[in-house]
Structure formats: C-alpha cells, structure tokens
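Here is the structure we will look at, set down as structure tokens.
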Amino acid sequence: MSVTQGAGLRLPFGLSKGQLVSPAQVERGAACGCTCPACGMDLVAKKGLQRAHHFAHASGTECAHGVETALHLAAKEAIAAAQRLWVPEVTLDVATPTAWVISQGQYVPVDEVVLEQREGDVVPDVAVTSGGRRFFVEIAVTHKVGAAKRERLRAKGMSTLEIALPRHYDVTTLDSVADIVVAGTEHKEWVVNVRRDRVFARVVSTALRLPVVVRGLSQVDDCPKAARRARGKAFAYLVDDCSKCQYRLTATRQEVFCLGRPKIRSYAEWKEWRKVRARINNVRGE
Ligand SMILES: [Zn+2]
C-alpha cells in the first residue's frame, strides 16, 4: 500500500508524548507539541473553520509516509486495545451459483499486534497473533493489495486481511478508525487465506480431470451431465458449456476440474460427498 500527499489526504493523527492523538485532543498550532509518527518532525495542529481538523508538518513540507503510518498505528492500537478483531467469512469461489462458505464471519481473539515489521520480502502494515496463529492486516487507504504482493504473501503462507478505509470515510478520530477496523463487518476481505487455499486444493484433488481436446473448438469428452451429445457420446464445449457450468471448479488450458454428477452446492455437501466416495472406494479396494 502507499499513500502520498498527492492523494489529498491530510495527516489525521500525531504523536504526543508517545501517544497517538487527534487534533481535538491538543492545542491549536505549534502549541500541540506533536511529532509525525513517520518522520518524527514537529507538527502543527490545523484547527480552522474551513477544513476538517488535521496536522501538518511545521516545516511546511509533508513527508511521504505520515498519513499511512498514522493510520496503521491507529489500526494497530485499536486492535490491541480491543484484544479482538472481527474477521469476515472465508469462502471458496467455485462456479456454483453461491460461493462455498468454509467458515463464518466471527470475532477472533487477539494476543499480539505488531506494526510494520519487515518479514523477508514483505512489510505487513500490521501482524496479528490469534490463538497461536498469525495473519497480516493490510490497511488500504487509496491502494489495495496488488497482484504481485498477493503472490508474495501466498508464497509465504500468510493469510492476509485487507481492511479498506475509503477516502470518504470519517477517519479523523481514533474512535472512528477503531469502529471500522475492529468491529466493522464491511470493507474487509481475505486477499490471501491459507485455509481457503488448502481446502481448494483438497476439493480440486477430488475433482474429475477432463482433458481439453481441440476439434475446431475446445471441448471435453464425457461431460458428466451430458451438456451435448454427438453420436451417442456426451461432450461439452469449454467456452459455451464448462465456463458457465456450476460443476466446473477450475480449468487450465489442458484440463477441466469438474465436480461431476453429484449435485454439490456447498462445502458441507462436498465433505459429505467425499465421505460417501471414500466408502465406495473402500468397497472397491481403491
Ligand atoms: Zn512526517
């Protein structure tokens, strides 16, 4: 994530004697006695009538990371104070009409919160330890986690929750940041979720693997629901049929991963079906 002054965001919080404060909590102007959470330089509290109250660097030049560091610090302190964090449901985005819910949205207990500490090739905004597990929290102000960072996080095996603080949000008080970050149920998204990836791999491993063959158009033979038939044999067109089919889990150029005949519409149904399949395979001695 990056936020620059060019994005038009003003510094919402400053540091006073090591405490993060909003303009409402301090004197106007240089008498505020605050410093920038990012660069450590002196701030003045701008408490005029025209604009929302904010801080500015006394030097007249804003630093590059003041706003984002102030918001990361506010988020970290809010999570640490609450000792819990509401995390959204984890869903598997398969082709069925509704995504499969793996776990519900819920509060998780928070044991430790660490700010902007480099871990290899990633500097998470906030790292949270919850019941022996760790995950990262990215606070998105103007930029969301991009594809490259997503891949680095996935490669590290770190679940990462992105919390968006859109610009129209009132993030001018510490309480409003806490409301959005700790208890908010919207604007939170698992950009990487290790459990989701693991379940998806397991589900895919149980899928039928139907090779893609090119006969003019890409198609798969032996479509389990017989989307089309030619000379008595079932097949499907990759684009016209499979890509719209609720039993397609995923596909590569070479093959379609297909849930096949069982009408599996949820994670619970898939788990049930897997048990049945295991029993059948046992009987067959597979
Ligand atoms: Zn600064």
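If you're wondering about the labels, chains in the structure tokens are A, B, ... by order shown, residues count from 1 in each chain, ligands from 1 in order shown.
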Write out as a ChimeraX atom specification each polymer residue (protein, DNA or RNA) that has an atom no more than 12 Å from ligand 1, with only C-alpha atoms and all ligand atoms counted.
-> /A:4-5,10-15,34-44,55-70
Would you put the residues from that selection into a file with N, CA, C and O atoms, as a compact mmCIF listing (two decimals), in the first residue's frame?
# COMPACT_ATOMS: atom_id res chain seq x y z
N THR A 4 0.21 8.88 -0.69
CA THR A 4 1.06 10.07 -0.79
C THR A 4 0.21 11.29 -0.53
O THR A 4 -1.01 11.25 -0.59
N GLN A 5 0.87 12.37 -0.25
CA GLN A 5 0.14 13.61 -0.03
C GLN A 5 -0.59 14.01 -1.30
O GLN A 5 -1.59 14.69 -1.25
N ARG A 10 -4.93 14.34 4.40
CA ARG A 10 -4.20 15.11 5.40
C ARG A 10 -3.91 14.23 6.60
O ARG A 10 -4.64 13.28 6.88
N LEU A 11 -2.85 14.59 7.30
CA LEU A 11 -2.40 13.79 8.44
C LEU A 11 -3.45 13.86 9.56
O LEU A 11 -3.67 14.93 10.13
N PRO A 12 -4.11 12.73 9.86
CA PRO A 12 -5.21 12.79 10.83
C PRO A 12 -4.75 12.73 12.29
O PRO A 12 -5.46 13.21 13.18
N PHE A 13 -3.59 12.12 12.53
CA PHE A 13 -3.14 11.91 13.91
C PHE A 13 -1.67 12.27 14.05
O PHE A 13 -0.90 12.17 13.10
N GLY A 14 -1.30 12.67 15.24
CA GLY A 14 0.10 12.94 15.56
C GLY A 14 0.47 12.21 16.84
O GLY A 14 -0.38 11.61 17.50
N LEU A 15 1.75 12.29 17.16
CA LEU A 15 2.23 11.67 18.40
C LEU A 15 2.48 12.76 19.44
O LEU A 15 3.17 13.74 19.17
N CYS A 34 3.18 18.10 19.07
CA CYS A 34 3.12 16.77 18.46
C CYS A 34 4.23 16.58 17.42
O CYS A 34 4.71 17.54 16.84
N THR A 35 4.55 15.30 17.20
CA THR A 35 5.50 14.95 16.15
C THR A 35 4.85 13.97 15.18
O THR A 35 3.85 13.32 15.51
N CYS A 36 5.45 13.86 13.99
CA CYS A 36 4.92 12.98 12.95
C CYS A 36 5.24 11.52 13.28
O CYS A 36 6.39 11.21 13.59
N PRO A 37 4.27 10.62 13.20
CA PRO A 37 4.52 9.22 13.52
C PRO A 37 5.52 8.56 12.55
O PRO A 37 6.15 7.57 12.90
N ALA A 38 5.67 9.13 11.36
CA ALA A 38 6.57 8.52 10.38
C ALA A 38 7.97 9.11 10.44
O ALA A 38 8.95 8.38 10.60
N CYS A 39 8.10 10.44 10.34
CA CYS A 39 9.44 11.05 10.22
C CYS A 39 9.92 11.67 11.52
O CYS A 39 11.11 12.01 11.64
N GLY A 40 9.04 11.83 12.49
CA GLY A 40 9.46 12.34 13.80
C GLY A 40 9.61 13.85 13.87
O GLY A 40 9.98 14.39 14.91
N MET A 41 9.29 14.55 12.78
CA MET A 41 9.43 16.02 12.78
C MET A 41 8.24 16.67 13.50
O MET A 41 7.18 16.06 13.66
N ASP A 42 8.44 17.94 13.88
CA ASP A 42 7.39 18.67 14.59
C ASP A 42 6.16 18.91 13.71
O ASP A 42 6.29 19.14 12.50
N LEU A 43 5.01 18.89 14.35
CA LEU A 43 3.74 19.13 13.64
C LEU A 43 3.06 20.37 14.21
O LEU A 43 3.34 20.78 15.33
N VAL A 44 2.16 20.92 13.40
CA VAL A 44 1.23 21.94 13.91
C VAL A 44 -0.18 21.39 13.73
O VAL A 44 -0.46 20.68 12.77
N PHE A 55 -3.33 17.57 11.04
CA PHE A 55 -1.99 18.04 11.37
C PHE A 55 -1.23 18.35 10.09
O PHE A 55 -1.54 17.81 9.02
N ALA A 56 -0.22 19.21 10.22
CA ALA A 56 0.69 19.47 9.10
C ALA A 56 2.10 19.58 9.67
O ALA A 56 2.28 19.91 10.85
N HIS A 57 3.08 19.25 8.83
CA HIS A 57 4.47 19.38 9.28
C HIS A 57 4.80 20.86 9.46
O HIS A 57 4.47 21.68 8.60
N ALA A 58 5.48 21.18 10.56
CA ALA A 58 5.82 22.58 10.86
C ALA A 58 6.73 23.16 9.79
O ALA A 58 6.71 24.36 9.52
N SER A 59 7.52 22.28 9.15
CA SER A 59 8.45 22.72 8.10
C SER A 59 7.72 23.19 6.85
O SER A 59 8.30 23.84 5.99
N GLY A 60 6.45 22.83 6.74
CA GLY A 60 5.69 23.18 5.54
C GLY A 60 5.75 22.13 4.47
O GLY A 60 5.06 22.22 3.45
N THR A 61 6.57 21.11 4.66
CA THR A 61 6.70 20.03 3.67
C THR A 61 6.23 18.71 4.29
O THR A 61 6.78 18.27 5.31
N GLU A 62 5.23 18.14 3.69
CA GLU A 62 4.71 16.87 4.21
C GLU A 62 5.65 15.73 3.82
O GLU A 62 6.23 15.73 2.74
N CYS A 63 5.79 14.75 4.71
CA CYS A 63 6.66 13.61 4.39
C CYS A 63 5.86 12.56 3.62
O CYS A 63 4.63 12.63 3.52
N ALA A 64 6.55 11.55 3.10
CA ALA A 64 5.92 10.60 2.19
C ALA A 64 4.96 9.63 2.89
O ALA A 64 3.96 9.22 2.32
N HIS A 65 5.26 9.27 4.13
CA HIS A 65 4.52 8.17 4.74
C HIS A 65 3.75 8.54 6.01
O HIS A 65 3.28 7.67 6.73
N GLY A 66 3.62 9.86 6.26
CA GLY A 66 2.96 10.29 7.50
C GLY A 66 1.54 9.76 7.63
O GLY A 66 1.18 9.19 8.66
N VAL A 67 0.74 9.93 6.57
CA VAL A 67 -0.68 9.55 6.65
C VAL A 67 -0.83 8.05 6.83
O VAL A 67 -1.57 7.58 7.71
N GLU A 68 -0.09 7.27 6.02
CA GLU A 68 -0.29 5.82 6.14
C GLU A 68 0.22 5.31 7.47
O GLU A 68 -0.44 4.47 8.11
N THR A 69 1.36 5.81 7.93
CA THR A 69 1.87 5.33 9.22
C THR A 69 0.91 5.70 10.35
O THR A 69 0.66 4.90 11.25
N ALA A 70 0.34 6.90 10.29
CA ALA A 70 -0.62 7.33 11.32
C ALA A 70 -1.83 6.39 11.34
O ALA A 70 -2.30 5.99 12.42
Shell around Asp93 of chain A at 10 Å using only C-alpha atoms, local window under 6 positions removed, as a ChimeraX atom specification | /A:99-101,196,200,249-250
Selected residues, N, CA and C atoms, written as an mmCIF file, in the first residue's frame, please.
data_model
loop_
_atom_site.group_PDB
_atom_site.id
_atom_site.type_symbol
_atom_site.label_atom_id
_atom_site.label_comp_id
_atom_site.auth_asym_id
_atom_site.auth_seq_id
_atom_site.Cartn_x
_atom_site.Cartn_y
_atom_site.Cartn_z
ATOM 1 N N ALA A 99 -21.073 -18.957 -3.565
ATOM 2 C CA ALA A 99 -19.743 -19.372 -3.097
ATOM 3 C C ALA A 99 -19.895 -20.327 -1.912
ATOM 4 N N TRP A 100 -18.933 -21.232 -1.744
ATOM 5 C CA TRP A 100 -18.983 -22.164 -0.611
ATOM 6 C C TRP A 100 -18.412 -21.473 0.623
ATOM 7 N N VAL A 101 -19.169 -21.504 1.692
ATOM 8 C CA VAL A 101 -18.700 -20.888 2.934
ATOM 9 C C VAL A 101 -17.903 -21.922 3.731
ATOM 10 N N ARG A 196 -8.441 -21.299 2.956
ATOM 11 C CA ARG A 196 -9.172 -21.350 1.682
ATOM 12 C C ARG A 196 -8.340 -22.059 0.613
ATOM 13 N N PHE A 200 -9.321 -25.521 -1.115
ATOM 14 C CA PHE A 200 -9.484 -25.525 -2.575
ATOM 15 C C PHE A 200 -8.631 -26.631 -3.201
ATOM 16 N N LEU A 249 -14.986 -26.609 -11.340
ATOM 17 C CA LEU A 249 -14.264 -25.986 -10.232
ATOM 18 C C LEU A 249 -13.269 -24.971 -10.749
ATOM 19 N N THR A 250 -12.482 -25.421 -11.705
ATOM 20 C CA THR A 250 -11.470 -24.554 -12.286
ATOM 21 C C THR A 250 -11.013 -25.226 -13.582
#
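Taking atom CA of Ala178 of chain A and atom CA of Gly120 of chain A as the two end points, the separation is 28.7 Å.
If only C-alpha atoms are the atoms counted, then among A:Val203, A:Cys32, A:Ala226, A:Leu115 the closest residue to Val94 of chain A is A:Val203.
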In Å to one decimal, how far is atom CA of Val137 of chain A from atom CA of Val110 of chain A?
-> 12.3 Å
List every residue of segment 56-159 of chain A that DSSP, applied to the backbone of this structure, places in strand (DSSP E), and write the result as a PyMOL selection string.
-> chain A and resi 56-57+84-87+90-92+100-103+106-109+112-115+126-130+133-140
